[in-house]
Structures are given as C-alpha cells and as structure tokens.
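The structure appears below as structure tokens.
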Amino acid sequence: MALGTATGPYELRFDTGRICLDLVATTHPVERLVSVEVLRAWITGSGLVPAGTPLTHADASWLARFLELRGHTARLVRTLPGADTLAHDRALIRVNALAATAPPAPRAVRGEDGALVRELTGPPECAALLGSLARDAVELLTDPVARAGLRQCEGDNCPIVYVDTSRGRRRRWCSSEVCGNRERVARHRRRAALAR
C-alpha cells in the first residue's frame, strides 16, 4: 500500500518510549504525516485518544499545528540548551505555551464485555491534544533520569531519538526490527564478502 494511504507496521511507529518522541520520529525515513487521514491514524495509534474516538473534525490546520509542535520538540531534544540559544528559547516558549492547555478529559465507562474502558468526554480539540504532547515534552526535558536516557539511533542515517530504558542502558537502535535488523544484515554481508 502507498505511504499516506495505510498504516502498515513500519509506516507509523511508536517505539521511542515517549509520545512526543514518536511524533518527532514521523519524519523518518520520509515524511509520514502527509495527510489529515494519516494524522488521525497517528493520533489513535499513539494512544493519545482511545480507539474509536471520533476525529472527523480534524482538518488541515491540525496537521500544520502538529508539524509545528514536532519541529519545536525536535529542536529541544536534539540540541543542548546553550547551543543555539535564540532558536532553542523560541522552541521552549512555544512548547511551554502549548503545554498550558488542558489535555482531553478521559472517563471510565463499561465496555461491551463489562470491563471498564477509557473514553473521552467528547471529541478532542486540537489544542487539547497538542497540550498532551507538549506536556510530555516538558516532562521529558525536565526529568534528569529520562533526559539522561535520550539516545540517537546508531542506524545508518537514522535521526530517531528514543529513551533507552533497556537493562544496562545498552539499546543501540530505535527499533531492533528496523535499524537493528538492517545492521545485522549489513554485518552479515561484510563478513560474507571478507570470506570470499
């Protein structure tokens, strides 16, 4: 299926350890958030809203606002505070402003099987969803333990940043199935070429 028309297992990924970093990861290996339809799939797939939450009111302005937050978040997690102070400070001001908005209000209701499930009190507004993402970024940036666990993927040309929560802090790739597998295949090919 074509990119932007479906959500295959590697098209939209949620393996960075933080929802704000999952948003940043939508730029690799190509732009993933190419339409409002894909944005809706990302919002649901990320767990920002429960499955089945109506998002038909999302429009192109939502996409632009999510991309703006993604850019600011990427700047904050990929640069040190003193590196490019003006740009860094602008990104920080914008993320803080977005974080001031209350996230969507959840409630517990009985599902079809009688178990309690989460749903929202109404269709979420864009500002509330951005507020949730910005709050996650603020929490990540201000938590010394989480911040110390930030890693850049070691895969060739992979810009994805993730939180390493692995035992011994030895995680090397954004995803063992994607970049890790590519590295293992490349290593095998190098050994095979040397053996010839």
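Chain identifiers are assigned as A, B, and so on, following the order in which chains appear in the structure tokens; residues are numbered from 1 within each chain, and ligands are numbered from 1 in order of appearance.
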
**Prompt:** region 3-194 of chain A: which residues are strand (DSSP E) by DSSP, as a list in words?
**Reply:**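 Residues of region 3-194 of chain A classed as strand (DSSP E): Pro106, Arg107, Ala108, Val109, Arg110, Leu116, Val117, Arg118, Glu119, Leu120, Leu150, Arg151, Gln152, Val161, Tyr162 and Val163 of chain A.
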
Sorted by chain and rising residue number, which residues of region 8-63 of chain A lie within 10 Å of region 151-163 of chain A, and what are their closest atom pairs and distances in Å to one decimal, counting only C-alpha atoms, as a tab-separated table?
residue	atom	partner	partner_atom	distance
A:Asp15	CA	A:Tyr162	CA	7.7
A:Thr16	CA	A:Tyr162	CA	4.2
A:Gly17	CA	A:Val163	CA	5.4
A:Arg18	CA	A:Val163	CA	7.1
A:Cys20	CA	A:Tyr162	CA	9.9
A:Leu21	CA	A:Tyr162	CA	6.6
A:Asp22	CA	A:Tyr162	CA	8.3
A:Val24	CA	A:Ile160	CA	7.6
A:Ala25	CA	A:Ile160	CA	5.5
A:Thr26	CA	A:Ile160	CA	8.9
A:Thr27	CA	A:Ile160	CA	8.6
A:His28	CA	A:Pro159	CA	7.2
A:Pro29	CA	A:Cys158	CA	7.4

Across A:Gly45, A:Gly71, A:Gly149, A:Pro123, the smallest distance to Gly168 (chain A), with only C-alpha atoms counted, is shown by A:Gly149

**Message:** Residues within 12 Å of Ala60 (chain A), please, as a ChimeraX atom specification. Count only C-alpha atoms; anything in the same chain fewer than 5 positions from it doesn't count.
**Reply:** /A:33-40,65-67,126

Residue subset to file, keeping C-alpha atoms, as a PDB file, in the first residue's frame:
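Result written to result_38.pdb:
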ATOM      1  CA  LEU A  33       2.343  12.844   8.352  1.00  0.00           C
ATOM      2  CA  VAL A  34       1.385  13.579   4.757  1.00  0.00           C
ATOM      3  CA  SER A  35      -2.365  13.936   5.185  1.00  0.00           C
ATOM      4  CA  VAL A  36      -5.057  14.550   7.756  1.00  0.00           C
ATOM      5  CA  GLU A  37      -6.061  10.893   7.389  1.00  0.00           C
ATOM      6  CA  VAL A  38      -2.579   9.746   8.436  1.00  0.00           C
ATOM      7  CA  LEU A  39      -2.552  12.278  11.288  1.00  0.00           C
ATOM      8  CA  ARG A  40      -5.831  10.799  12.561  1.00  0.00           C
ATOM      9  CA  ARG A  65      -0.113  22.620  14.166  1.00  0.00           C
ATOM     10  CA  PHE A  66       1.148  19.076  14.851  1.00  0.00           C
ATOM     11  CA  LEU A  67       4.038  19.620  12.426  1.00  0.00           C
ATOM     12  CA  CYS A 126      -6.600  20.087  18.558  1.00  0.00           C
TER      13      CYS A 126
END

So which bits of chain A end up helix (DSSP H, G or I) when you DSSP the backbone, as a VMD selection string? chain A and resid 19 to 27 36 to 45 60 to 78 85 to 99 126 to 142 144 to 148 167 to 169 176 to 195

key: Given only C-alpha atoms as the counted atoms, nearest of A:Ala148, A:Ala99, A:Ala193, A:Ala115 to Ala127 (chain A)   =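 Distance minimum relative to Ala127 (chain A) lands on A:Ala99.
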
- Item | Surrounding residues of Gly131 (chain A) excluding itself and chain neighbours under 6 positions, 8 Å, only C-alpha atoms, as a PyMOL selection string | chain A and resi 98-103

Output for the residues just chosen: N, CA, C and O atoms as a PDB file, in the first residue's frame:
ATOM      1  N   LEU A  98       1.986  25.716  24.604  1.00  0.00           N
ATOM      2  CA  LEU A  98       1.070  24.631  24.232  1.00  0.00           C
ATOM      3  C   LEU A  98       0.769  23.725  25.425  1.00  0.00           C
ATOM      4  O   LEU A  98      -0.347  23.223  25.570  1.00  0.00           O
ATOM      5  N   ALA A  99       1.753  23.517  26.289  1.00  0.00           N
ATOM      6  CA  ALA A  99       1.573  22.653  27.458  1.00  0.00           C
ATOM      7  C   ALA A  99       0.589  23.236  28.469  1.00  0.00           C
ATOM      8  O   ALA A  99       0.047  22.508  29.301  1.00  0.00           O
ATOM      9  N   ALA A 100       0.331  24.538  28.393  1.00  0.00           N
ATOM     10  CA  ALA A 100      -0.588  25.187  29.332  1.00  0.00           C
ATOM     11  C   ALA A 100      -2.041  24.787  29.096  1.00  0.00           C
ATOM     12  O   ALA A 100      -2.876  24.937  29.987  1.00  0.00           O
ATOM     13  N   THR A 101      -2.348  24.280  27.917  1.00  0.00           N
ATOM     14  CA  THR A 101      -3.713  23.852  27.606  1.00  0.00           C
ATOM     15  C   THR A 101      -3.986  22.498  28.233  1.00  0.00           C
ATOM     16  O   THR A 101      -3.166  21.586  28.144  1.00  0.00           O
ATOM     17  N   ALA A 102      -5.132  22.366  28.848  1.00  0.00           N
ATOM     18  CA  ALA A 102      -5.501  21.101  29.494  1.00  0.00           C
ATOM     19  C   ALA A 102      -5.680  20.004  28.453  1.00  0.00           C
ATOM     20  O   ALA A 102      -6.238  20.246  27.381  1.00  0.00           O
ATOM     21  N   PRO A 103      -5.208  18.787  28.761  1.00  0.00           N
ATOM     22  CA  PRO A 103      -5.402  17.662  27.835  1.00  0.00           C
ATOM     23  C   PRO A 103      -6.868  17.234  27.818  1.00  0.00           C
ATOM     24  O   PRO A 103      -7.647  17.648  28.675  1.00  0.00           O
TER      25      PRO A 103
END

One decimal place gives the CA of Arg167 (chain A)-CA of Asp136 (chain A) separation as 23.0 Å

Mind giving me the straight-line distance from CA of Pro106 (chain A) to CA of Gly122 (chain A) in Å, one decimal?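 About the pair CA of Pro106 (chain A) and CA of Gly122 (chain A): they are 8.9 Å apart.
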
> From the list A:Leu130, A:Leu140, A:Val117, A:Leu76, which residue is nearest Ile43 (chain A) when using only C-alpha atoms?
Replying inline: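 The shortest atom-to-atom distance to Ile43 (chain A) comes from A:Leu130.
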